[in-house]
Amino acid sequence: MQPVIQMVGVAVGNASETGTVSIEGVDWSISTGDYWVVGGPPGSGKSDLLATMAGLYRPLRGTLRLFGSDTADLAEDHFLAARMRIGLVFENGGRLFNHLTLAENIALPIRYHHGRCAINTKERVEEILDATDLAQFANCTPGQIKHAWRQRAGLARAMAMHPDVLLLDNPLAGLGPQESRWWREFLVSLPGGNAVTRGQPVALVVACHDLRPWTDQGKQFALLKQKRWLSVGGRAELGCCDEPLLRELLAADFAMG
Amino acid sequence: MESSAAANLPDAEKAAPPLLLRQFDSVGRSIVRFLETTRGLIAFTLITLGVAVAKFNVSTHVIHPLIRSQVYRAGLRLLPMISFLACALGLMIIGQMVALLTRVGAQNLAGTVMVTVVVRELGPLAAALLVLARVGAAYVIELGTARALGEVEALEALCIDPVHYLVIPRVVGLAFAIFSLTVYFILAALISGYLFAFVQDVPLLPGDYFKQLAMALSWEDFALLALKTCCFGIIIAVTTCYQGLAQPLRLEQVSGATTRAVVQSLVACVLLDVLFIIVYLVM
């Protein structure tokens, strides 16, 4: 199966310091149906890695292929078309647009890209709002609802365009146990396809600094350690890997701290 | 004693350059900053122009309502304020001027003076300054906050061009709003000014007054008025959007960016006005 995202010797840039490297030597291949969990301590470059994968920043070095095409060779409109197949959920409330209601936030990418032809925009928005239990807040602005609902709305907005890949940056940060359970139950059905994706399988990449909630559902695991990319393997390898950082990310004290 | 005191000075003070050199250094830095800002503003204007042309027909059903909302915000909502300003300035300047011209027997120059003062100078500048104060400053805060909170990055993640979605509606909206407000301002100021003069028993009939105005106006006045007010709108929108969007901001930097944007817009509008004065003089 052709990888949906492939990185070969990629150096990821640091968004807050232009020109500096955040992560070196990323060799990574993501295919449809994958469920990757990338762990790393705060400040290890997880957000920069996801932003680069989503096409927001170009890699400083190496090759980034989106759906088989090298992004360095892609014309701007083809690059845009490839990027539209990738959904990115930001951390800390999903970076919603504060002047729009939740329904408008979700509808914006559909209306912008599909225009008047998108006769089903309203239906699609309602479908996603129902799937994420946000229907009651459809007409609220982000400032009127609590953090957990905003985070869900960020997920709903990223799902609006039927992405083939969904990148989630620390999605459980600041959420209670009940809310975390909802997220994990929702996400686990995506790699195989569910009603919201209309049966289409989605590749998932979750970046986090606490691996514990993901050990029972992630299929592949990787670490970011001292600006390096380390692939751990599957769930089976998780138990027998003696990498100290992995032990730390699986330990309660670190995660709680 | 003196030599021993000098020997006790810390190294940094001993190494401090003389005052004149520091002044030169300060002036040099200011010039470099000015040039960098000018270059940034020109580059941002060109990018905006490029996006406006390249995406002229893209997502019009999303962009056009945004333009309308900016026209409403910067134009229609400022109508009461511009009417008040126009009446006040009409009373203060025009009424007194008509009275003065009549006293020296030069009431036949009233139209020419009105056109020069109100149509060419006062109207466009007053409308531009009002919009800058009420809307331009708010743009920097909105966009700077959006940038600081990562909303601009979120737009990019959704493959929505931030210049197309955030800047173009503001540029078009402000250009149209300032033009409309200027027309309202001119009409209200000319009428209120005459009413004040009428109350003061100035022997100038309404018919004569408006005839003088019509005689003093030429088609160049209308064309240059439209061009000038649109340029004011573009300058204010581009400068405020540039300060809010073009560089990464932290929340605490938004207030500084707002001040910079207002001052730069003001200076740019006055410079443009000077340019138009030269054009009028040449004509």
# chains A, B, ... in the order shown; residues from 1 in each chain; ligands from 1

$ closest_atom_pairs --of "segment 154-224 of chain A" --to "segment 34-51 of chain A" --cutoff "7 Å" --atoms "only C-alpha atoms" --output "Markdown table"
| residue | atom | partner | partner_atom | distance |
| --- | --- | --- | --- | --- |
| A:Leu167 | CA | A:Leu50 | CA | 6.5 |
| A:Asp169 | CA | A:Ser47 | CA | 6.3 |
| A:Pro191 | CA | A:Asp34 | CA | 6.3 |
| A:Ala203 | CA | A:Asp34 | CA | 4.9 |
| A:Leu204 | CA | A:Tyr35 | CA | 4.7 |
| A:Val205 | CA | A:Trp36 | CA | 4.6 |
| A:Val206 | CA | A:Val37 | CA | 4.8 |
| A:Ala207 | CA | A:Val38 | CA | 4.6 |
| A:Cys208 | CA | A:Gly39 | CA | 5.1 |
| A:His209 | CA | A:Gly40 | CA | 5.1 |
| A:Asp210 | CA | A:Gly39 | CA | 6.9 |
| A:Leu211 | CA | A:Gly39 | CA | 6.3 |
| A:Gly218 | CA | A:Tyr35 | CA | 5.4 |
| A:Lys219 | CA | A:Tyr35 | CA | 5.1 |
| A:Gln220 | CA | A:Trp36 | CA | 4.7 |
| A:Phe221 | CA | A:Val37 | CA | 4.9 |
| A:Ala222 | CA | A:Val38 | CA | 4.7 |
| A:Leu223 | CA | A:Gly39 | CA | 4.8 |
| A:Leu224 | CA | A:Gly40 | CA | 4.9 |

$ select_by_dssp --residues "segment 45-211 of chain A" --states "helix (DSSP H, G or I)" --output "ChimeraX atom specification"
/A:46-53,76-83,93-95,102-117,121-131,135-137,142-144,147-159,177-188

$ interface_residues --of "chain B" --to "chain A" --cutoff "9 Å" --atoms "only C-alpha atoms" --output "PyMOL selection string"
chain B and resi 58-63+146+149-160+248

$ residues_around --residues "segment 130-139 of chain B" --least-positions-apart "4" --cutoff "9 Å" --atoms "only C-alpha atoms" --output "list in words"
Arg73, Ala74, Gly75, Leu78, Met81, Ile82, Leu125, Ala126, Leu143, Gly144, Arg170, Leu174, Ala177, Ile178, Gly233, Ile236, Ala237, Thr239, Thr240, Cys241, Gly244, Thr258, Thr259, Ala261, Val262, Ser265 and Leu266 of chain B

$ write_last_selection --atoms "N, CA and C atoms" --output "short mmCIF file (atom, residue, chain, number, x, y, z; two decimals), in the first residue's frame"
data_model
loop_
_atom_site.label_atom_id
_atom_site.label_comp_id
_atom_site.auth_asym_id
_atom_site.auth_seq_id
_atom_site.Cartn_x
_atom_site.Cartn_y
_atom_site.Cartn_z
N ARG B 73 -19.36 48.00 8.97
CA ARG B 73 -18.64 48.34 10.20
C ARG B 73 -17.90 49.67 10.09
N ALA B 74 -17.20 49.86 8.97
CA ALA B 74 -16.38 51.07 8.82
C ALA B 74 -17.13 52.22 8.17
N GLY B 75 -18.29 51.92 7.57
CA GLY B 75 -19.02 52.97 6.88
C GLY B 75 -20.33 53.31 7.56
N LEU B 78 -20.45 54.27 11.22
CA LEU B 78 -19.79 55.53 11.57
C LEU B 78 -20.57 56.75 11.05
N MET B 81 -21.45 59.44 13.65
CA MET B 81 -20.24 60.15 14.10
C MET B 81 -19.74 61.11 13.02
N ILE B 82 -19.75 60.64 11.76
CA ILE B 82 -19.25 61.51 10.69
C ILE B 82 -20.23 62.67 10.46
N LEU B 125 -9.60 63.74 4.64
CA LEU B 125 -8.75 63.54 5.82
C LEU B 125 -9.57 63.23 7.06
N ALA B 126 -10.68 63.96 7.24
CA ALA B 126 -11.50 63.72 8.43
C ALA B 126 -12.08 62.32 8.41
N LEU B 143 -6.55 41.26 14.65
CA LEU B 143 -5.65 40.38 13.88
C LEU B 143 -4.43 39.98 14.72
N GLY B 144 -3.93 40.92 15.52
CA GLY B 144 -2.79 40.60 16.38
C GLY B 144 -3.16 39.52 17.38
N ARG B 170 -10.99 43.56 4.31
CA ARG B 170 -10.74 44.81 5.04
C ARG B 170 -10.26 45.91 4.10
N LEU B 174 -12.68 49.03 3.57
CA LEU B 174 -12.24 50.34 4.06
C LEU B 174 -12.16 51.35 2.92
N ALA B 177 -15.70 52.29 2.25
CA ALA B 177 -16.31 52.99 3.39
C ALA B 177 -15.78 54.42 3.49
N ILE B 178 -14.48 54.62 3.31
CA ILE B 178 -13.93 55.98 3.44
C ILE B 178 -14.44 56.87 2.31
N GLY B 233 -8.12 54.43 2.29
CA GLY B 233 -8.66 53.17 2.81
C GLY B 233 -7.66 52.03 2.66
N ILE B 236 -4.69 52.52 5.16
CA ILE B 236 -5.04 52.21 6.56
C ILE B 236 -5.22 50.69 6.73
N ALA B 237 -5.93 50.07 5.79
CA ALA B 237 -6.18 48.62 5.91
C ALA B 237 -4.88 47.84 5.81
N THR B 239 -1.75 48.84 6.33
CA THR B 239 -0.85 49.09 7.45
C THR B 239 -1.32 48.39 8.72
N THR B 240 -2.61 48.48 9.00
CA THR B 240 -3.10 47.84 10.23
C THR B 240 -3.04 46.31 10.11
N CYS B 241 -3.37 45.79 8.94
CA CYS B 241 -3.29 44.33 8.75
C CYS B 241 -1.83 43.86 8.82
N GLY B 244 -0.77 43.75 12.36
CA GLY B 244 -1.44 42.69 13.11
C GLY B 244 -1.05 41.30 12.68
N THR B 258 -0.43 48.11 17.76
CA THR B 258 -1.56 49.01 17.48
C THR B 258 -1.07 50.45 17.37
N THR B 259 -0.25 50.86 18.33
CA THR B 259 0.28 52.23 18.30
C THR B 259 1.08 52.46 17.03
N ALA B 261 0.85 50.94 14.17
CA ALA B 261 -0.02 50.95 12.99
C ALA B 261 -0.73 52.29 12.85
N VAL B 262 -1.21 52.83 13.96
CA VAL B 262 -1.94 54.10 13.90
C VAL B 262 -1.00 55.22 13.45
N SER B 265 -0.02 54.72 9.76
CA SER B 265 -1.14 55.03 8.86
C SER B 265 -1.31 56.54 8.74
N LEU B 266 -1.22 57.20 9.89
CA LEU B 266 -1.38 58.66 9.92
C LEU B 266 -0.33 59.34 9.04
#

$ closest_residue --among "B:Arg147, B:Phe179, B:Thr38, B:Met114" --to "Gln96 of chain B" --atoms "only C-alpha atoms"
B:Met114

$ residues_around --residues "Thr52 of chain A" --least-positions-apart "6" --cutoff "7 Å" --atoms "only C-alpha atoms" --output "list in words"
Val12, Arg58 and Pro59 of chain A

$ atom_distance --atom1 "atom CA of Ile277 of chain B" --atom2 "atom CA of Asp221 of chain B"
11.6 Å

$ residues_around --residues "Lys55 of chain B" --least-positions-apart "5" --cutoff "10 Å" --atoms "only C-alpha atoms" --output "PyMOL selection string"
chain B and resi 49-50+60+161+164+168

$ write_last_selection --atoms "N, CA and C atoms" --output "PDB file, in the first residue's frame"
ATOM      1  N   LEU B  49      -2.080  42.631  -3.204  1.00  0.00           N
ATOM      2  CA  LEU B  49      -2.502  42.890  -4.580  1.00  0.00           C
ATOM      3  C   LEU B  49      -2.484  41.591  -5.395  1.00  0.00           C
ATOM      4  N   GLY B  50      -1.416  40.820  -5.222  1.00  0.00           N
ATOM      5  CA  GLY B  50      -1.285  39.547  -5.937  1.00  0.00           C
ATOM      6  C   GLY B  50      -2.417  38.596  -5.589  1.00  0.00           C
ATOM      7  N   THR B  60     -16.121  33.530  -3.643  1.00  0.00           N
ATOM      8  CA  THR B  60     -16.759  34.847  -3.555  1.00  0.00           C
ATOM      9  C   THR B  60     -17.940  34.840  -2.576  1.00  0.00           C
ATOM     10  N   ASP B 161      -6.277  30.854   2.613  1.00  0.00           N
ATOM     11  CA  ASP B 161      -5.238  31.877   2.577  1.00  0.00           C
ATOM     12  C   ASP B 161      -5.615  33.018   3.533  1.00  0.00           C
ATOM     13  N   HIS B 164      -6.281  36.323   1.846  1.00  0.00           N
ATOM     14  CA  HIS B 164      -7.556  36.339   1.125  1.00  0.00           C
ATOM     15  C   HIS B 164      -8.732  36.486   2.090  1.00  0.00           C
ATOM     16  N   ILE B 168      -8.066  40.999   2.393  1.00  0.00           N
ATOM     17  CA  ILE B 168      -8.783  41.532   1.219  1.00  0.00           C
ATOM     18  C   ILE B 168     -10.137  42.173   1.607  1.00  0.00           C
TER      19      ILE B 168
END

$ residues_around --residues "segment 98-105 of chain B" --least-positions-apart "6" --cutoff "10 Å" --atoms "only C-alpha atoms" --output "list in words"
Gly111, Val113, Met114, Gly193, Tyr194, Phe196, Ala197, Phe198, Gln200, Asp201, Val202, Pro203, Leu204 and Tyr209 of chain B

$ write_last_selection --atoms "N, CA and C atoms" --output "PDB file, in the first residue's frame"
ATOM      1  N   GLY B 111     -17.550  79.601  -3.093  1.00  0.00           N
ATOM      2  CA  GLY B 111     -17.568  78.278  -3.701  1.00  0.00           C
ATOM      3  C   GLY B 111     -16.169  77.709  -3.879  1.00  0.00           C
ATOM      4  N   VAL B 113     -13.404  78.515  -2.328  1.00  0.00           N
ATOM      5  CA  VAL B 113     -12.769  78.233  -1.036  1.00  0.00           C
ATOM      6  C   VAL B 113     -13.347  76.956  -0.433  1.00  0.00           C
ATOM      7  N   MET B 114     -14.665  76.804  -0.531  1.00  0.00           N
ATOM      8  CA  MET B 114     -15.310  75.596   0.014  1.00  0.00           C
ATOM      9  C   MET B 114     -14.778  74.331  -0.648  1.00  0.00           C
ATOM     10  N   GLY B 193     -22.616  74.361   7.145  1.00  0.00           N
ATOM     11  CA  GLY B 193     -21.857  75.610   7.089  1.00  0.00           C
ATOM     12  C   GLY B 193     -22.684  76.746   6.536  1.00  0.00           C
ATOM     13  N   TYR B 194     -23.445  76.440   5.479  1.00  0.00           N
ATOM     14  CA  TYR B 194     -24.269  77.487   4.899  1.00  0.00           C
ATOM     15  C   TYR B 194     -25.381  77.904   5.864  1.00  0.00           C
ATOM     16  N   PHE B 196     -25.300  77.907   9.061  1.00  0.00           N
ATOM     17  CA  PHE B 196     -24.715  78.768  10.091  1.00  0.00           C
ATOM     18  C   PHE B 196     -24.556  80.195   9.551  1.00  0.00           C
ATOM     19  N   ALA B 197     -24.051  80.273   8.314  1.00  0.00           N
ATOM     20  CA  ALA B 197     -23.870  81.594   7.698  1.00  0.00           C
ATOM     21  C   ALA B 197     -25.223  82.271   7.502  1.00  0.00           C
ATOM     22  N   PHE B 198     -26.241  81.491   7.122  1.00  0.00           N
ATOM     23  CA  PHE B 198     -27.588  82.015   6.901  1.00  0.00           C
ATOM     24  C   PHE B 198     -28.146  82.617   8.200  1.00  0.00           C
ATOM     25  N   GLN B 200     -26.447  83.829  10.521  1.00  0.00           N
ATOM     26  CA  GLN B 200     -25.699  85.055  10.820  1.00  0.00           C
ATOM     27  C   GLN B 200     -26.047  86.215   9.861  1.00  0.00           C
ATOM     28  N   ASP B 201     -27.111  86.012   9.084  1.00  0.00           N
ATOM     29  CA  ASP B 201     -27.584  87.039   8.153  1.00  0.00           C
ATOM     30  C   ASP B 201     -26.562  87.389   7.071  1.00  0.00           C
ATOM     31  N   VAL B 202     -25.831  86.412   6.623  1.00  0.00           N
ATOM     32  CA  VAL B 202     -24.892  86.655   5.531  1.00  0.00           C
ATOM     33  C   VAL B 202     -25.706  86.791   4.242  1.00  0.00           C
ATOM     34  N   PRO B 203     -25.495  87.867   3.495  1.00  0.00           N
ATOM     35  CA  PRO B 203     -26.328  88.058   2.300  1.00  0.00           C
ATOM     36  C   PRO B 203     -25.886  87.183   1.126  1.00  0.00           C
ATOM     37  N   LEU B 204     -26.016  85.899   1.288  1.00  0.00           N
ATOM     38  CA  LEU B 204     -25.654  84.966   0.203  1.00  0.00           C
ATOM     39  C   LEU B 204     -26.801  83.980   0.061  1.00  0.00           C
ATOM     40  N   TYR B 209     -24.942  80.288  -3.550  1.00  0.00           N
ATOM     41  CA  TYR B 209     -23.934  79.491  -2.843  1.00  0.00           C
ATOM     42  C   TYR B 209     -23.675  78.166  -3.582  1.00  0.00           C
TER      43      TYR B 209
END

$ atom_distance --atom1 "atom CA of Gly234 of chain A" --atom2 "atom CA of Asp216 of chain A"
10.8 Å

$ residues_around --residues "Thr20 of chain A" --least-positions-apart "6" --cutoff "10 Å" --atoms "only C-alpha atoms" --output "PyMOL selection string"
chain A and resi 11-14+60

$ closest_residue --among "B:Val199, B:Val167, B:Met283, B:Val238" --to "Gln264 of chain B" --atoms "only C-alpha atoms"
B:Val238

$ atom_distance --atom1 "atom CA of Gly123 of chain B" --atom2 "atom CA of Thr229 of chain B"
9.2 Å
